[in-house]
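Working notes, beginning with the structure itself.
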Amino acid sequence: VQYNLQSAGPTVELLCDTMANVTDNGGSALEAFAAATAIFYEGVEGACISSSFQKDYIDMYMANTSFSGLGCDLDCTSTRQWIYQSCNEFGYFQTTTGTDQPFAGFKFANIETAGKQVCVQGFGIPDSVDYNGPKSNAKGPVANTRYGGRAVEGTNITMPNGNCDPWHALSVVNKTDPFYNSGAGMPGCPGVQTTSGTSIVEIDGTAHCRDMYAPGAFESIGIPDTEPVKWAHQVISAKVEYYIS
């Protein structure tokens with residue numbers, strides 16, 4: 001979902017149609033998941049799905065402390081850096097414990113296994129250190145109280161989001177967005193508040209960081225820029241021009 005229509009891989013529409021086709025014909029949720037997973041391994045003989053937390057995640061990604069080389073382009077990786085930010089500041093751990101979501105069957109993906117243990121094992125936090133998540137103070141997460149959370153104060157700020165990006169629920173969005181009031185009232189989260197110097201660019205039908213790719217970046221793999229993407233590029237370009245003029 002996060003990078004839908006930003007690679008040559010399966011689209012969200014294809015995955016959903018595949019799973020719906022299985023369940024509509026009497027198949028179980030597990031069979032539907034297996035059918036969707038098989039799409040990623042189509043044509044790969046003897047493909048094996050990674051299943052070891054230590055070998056396939058901690059050792060492969062978290063133990064690698066080297067930087068990607070110059071010219072790595074779309075193959076650059078920053079997994080370790082991103083997880084560090086999640087462990088130290090954001091707490092953006094992906095779990096399946098919430099309500100109203102289709103992955104409730106994966107009960108193991110909770111804040112202990114998908115959050116704390118990733119940080120403890122990935123960065124070698126010793127047992128003598130009582131790690132309880134990102135830095136917090138009496139008012140809530142430091143990242144929110146220091147930077148304002150969804151109450152943005154500042155000038156010359158443009159905040160773009162794609163409304164198909166799962167992460168946009170945590171960002172500053174338009175009043176018409178279903179997640180406009182998400183988290184309001186929680187410690188360190190007063191809800192969306194902006195000043196006149198902040199502009200929100202919500203891009204319909206797009207996923208993560210779509211605005212950051214150059215115009216026509218995905219045409220070579222058969223994915224042209226949509227009208228909302230073209231509009232967003234124009235708006236953001238005009239804002240940047242205004243900021244530096």
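Residue numbering restarts at 1 for every chain of the structure tokens, chains are lettered A, B, ... in their displayed order, and ligands are numbered from 1 as they appear.
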
Which of region 78-239 of chain A fall in helix (DSSP H, G or I), as a ChimeraX atom specification: /A:79-90,112-122,142-147,166-170,210-212,219-221,227-239

Just N, CA and C atoms for this one: save the residues we selected as a short mmCIF file (atom, residue, chain, number, x, y, z; two decimals), in the first residue's frame.
```cif
data_model
loop_
_atom_site.label_atom_id
_atom_site.label_comp_id
_atom_site.auth_asym_id
_atom_site.auth_seq_id
_atom_site.Cartn_x
_atom_site.Cartn_y
_atom_site.Cartn_z
N THR A 79 17.03 1.55 5.99
CA THR A 79 16.20 0.85 6.98
C THR A 79 16.66 1.11 8.41
N ARG A 80 17.96 0.97 8.64
CA ARG A 80 18.47 1.11 10.01
C ARG A 80 18.24 2.53 10.54
N GLN A 81 18.48 3.53 9.70
CA GLN A 81 18.29 4.91 10.12
C GLN A 81 16.82 5.19 10.46
N TRP A 82 15.95 4.67 9.62
CA TRP A 82 14.52 4.91 9.83
C TRP A 82 14.04 4.23 11.12
N ILE A 83 14.48 3.00 11.35
CA ILE A 83 14.08 2.29 12.56
C ILE A 83 14.62 3.01 13.80
N TYR A 84 15.82 3.58 13.70
CA TYR A 84 16.36 4.34 14.83
C TYR A 84 15.45 5.51 15.17
N GLN A 85 14.97 6.21 14.15
CA GLN A 85 14.06 7.32 14.40
C GLN A 85 12.77 6.84 15.06
N SER A 86 12.28 5.70 14.61
CA SER A 86 11.06 5.15 15.22
C SER A 86 11.30 4.78 16.67
N CYS A 87 12.44 4.16 16.96
CA CYS A 87 12.75 3.74 18.32
C CYS A 87 12.99 4.93 19.24
N ASN A 88 13.62 5.98 18.71
CA ASN A 88 14.07 7.10 19.53
C ASN A 88 13.08 8.26 19.56
N GLU A 89 12.31 8.44 18.47
CA GLU A 89 11.46 9.63 18.38
C GLU A 89 9.99 9.33 18.06
N PHE A 90 9.76 8.61 16.95
CA PHE A 90 8.42 8.56 16.39
C PHE A 90 7.51 7.47 16.94
N GLU A 112 5.06 -5.19 21.47
CA GLU A 112 6.22 -5.84 22.07
C GLU A 112 7.13 -6.44 21.01
N THR A 113 6.55 -7.18 20.06
CA THR A 113 7.37 -7.86 19.05
C THR A 113 7.71 -6.97 17.86
N ALA A 114 6.75 -6.18 17.41
CA ALA A 114 6.98 -5.33 16.23
C ALA A 114 7.57 -3.98 16.60
N GLY A 115 7.67 -3.70 17.89
CA GLY A 115 8.22 -2.44 18.33
C GLY A 115 9.42 -2.61 19.23
N LYS A 116 9.18 -2.94 20.48
CA LYS A 116 10.24 -3.00 21.48
C LYS A 116 11.37 -3.95 21.11
N GLN A 117 11.04 -5.17 20.69
CA GLN A 117 12.08 -6.15 20.40
C GLN A 117 12.91 -5.77 19.17
N VAL A 118 12.30 -5.08 18.22
CA VAL A 118 13.06 -4.59 17.07
C VAL A 118 14.13 -3.62 17.54
N CYS A 119 13.77 -2.72 18.45
CA CYS A 119 14.72 -1.73 18.95
C CYS A 119 15.79 -2.36 19.83
N VAL A 120 15.35 -3.23 20.74
CA VAL A 120 16.28 -3.86 21.68
C VAL A 120 17.30 -4.73 20.96
N GLN A 121 16.83 -5.58 20.06
CA GLN A 121 17.74 -6.49 19.37
C GLN A 121 18.49 -5.80 18.24
N GLY A 122 17.83 -4.89 17.55
CA GLY A 122 18.47 -4.22 16.42
C GLY A 122 19.61 -3.31 16.82
N VAL A 142 8.29 13.36 23.06
CA VAL A 142 9.10 14.57 22.87
C VAL A 142 9.01 15.08 21.43
N ALA A 143 8.94 14.15 20.47
CA ALA A 143 8.86 14.56 19.07
C ALA A 143 7.62 15.43 18.82
N ASN A 144 6.55 15.18 19.56
CA ASN A 144 5.34 16.00 19.42
C ASN A 144 5.44 17.30 20.20
N THR A 145 5.88 17.22 21.45
CA THR A 145 5.91 18.42 22.27
C THR A 145 6.97 19.41 21.81
N ARG A 146 8.03 18.89 21.20
CA ARG A 146 9.10 19.79 20.72
C ARG A 146 8.74 20.45 19.41
N TYR A 147 8.13 19.67 18.50
CA TYR A 147 7.86 20.20 17.17
C TYR A 147 6.40 20.57 16.92
N PRO A 166 -0.72 5.05 3.92
CA PRO A 166 -1.15 4.77 5.30
C PRO A 166 -0.61 5.78 6.31
N TRP A 167 0.58 6.32 6.05
CA TRP A 167 1.19 7.25 7.00
C TRP A 167 0.48 8.60 7.04
N HIS A 168 -0.29 8.92 6.04
CA HIS A 168 -0.89 10.26 6.00
C HIS A 168 -1.88 10.47 7.15
N ALA A 169 -2.33 9.36 7.77
CA ALA A 169 -3.24 9.47 8.91
C ALA A 169 -2.59 10.19 10.09
N LEU A 170 -1.25 10.20 10.13
CA LEU A 170 -0.52 10.83 11.22
C LEU A 170 -0.11 12.26 10.89
N ARG A 210 4.92 10.48 -3.16
CA ARG A 210 4.75 10.55 -4.62
C ARG A 210 5.14 11.90 -5.18
N ASP A 211 4.93 12.94 -4.42
CA ASP A 211 5.25 14.30 -4.88
C ASP A 211 6.75 14.52 -5.03
N MET A 212 7.56 13.69 -4.37
CA MET A 212 9.01 13.91 -4.38
C MET A 212 9.70 13.33 -5.61
N GLU A 219 6.99 6.65 -15.86
CA GLU A 219 6.45 6.37 -17.20
C GLU A 219 7.14 5.18 -17.86
N SER A 220 8.41 4.97 -17.52
CA SER A 220 9.16 3.87 -18.14
C SER A 220 8.63 2.49 -17.74
N ILE A 221 7.89 2.44 -16.62
CA ILE A 221 7.29 1.16 -16.19
C ILE A 221 5.77 1.20 -16.37
N GLU A 227 -3.56 13.29 -12.95
CA GLU A 227 -3.86 14.72 -12.87
C GLU A 227 -3.61 15.26 -11.46
N PRO A 228 -3.99 14.53 -10.38
CA PRO A 228 -3.66 15.05 -9.03
C PRO A 228 -2.16 15.21 -8.80
N VAL A 229 -1.35 14.30 -9.36
CA VAL A 229 0.10 14.41 -9.20
C VAL A 229 0.62 15.64 -9.95
N LYS A 230 0.13 15.84 -11.15
CA LYS A 230 0.54 17.02 -11.93
C LYS A 230 0.16 18.30 -11.20
N TRP A 231 -1.05 18.31 -10.64
CA TRP A 231 -1.52 19.48 -9.89
C TRP A 231 -0.62 19.74 -8.69
N ALA A 232 -0.28 18.67 -7.95
CA ALA A 232 0.56 18.82 -6.76
C ALA A 232 1.94 19.37 -7.11
N HIS A 233 2.52 18.87 -8.19
CA HIS A 233 3.83 19.36 -8.61
C HIS A 233 3.77 20.86 -8.92
N GLN A 234 2.71 21.28 -9.56
CA GLN A 234 2.55 22.70 -9.90
C GLN A 234 2.41 23.55 -8.65
N VAL A 235 1.59 23.09 -7.71
CA VAL A 235 1.37 23.85 -6.48
C VAL A 235 2.65 23.94 -5.65
N ILE A 236 3.32 22.81 -5.48
CA ILE A 236 4.54 22.79 -4.67
C ILE A 236 5.64 23.63 -5.32
N SER A 237 5.76 23.53 -6.63
CA SER A 237 6.75 24.32 -7.35
C SER A 237 6.51 25.81 -7.17
N ALA A 238 5.24 26.21 -7.24
CA ALA A 238 4.88 27.61 -7.07
C ALA A 238 5.17 28.09 -5.63
N LYS A 239 4.93 27.20 -4.67
CA LYS A 239 5.20 27.56 -3.27
C LYS A 239 6.70 27.74 -3.04
#
```

Quick one: residues within 7 Å of region 6-10 of chain A, only C-alpha atoms, excluding same-chain residues fewer than 4 positions away - as a PyMOL selection string? chain A and resi 14-15+218+221
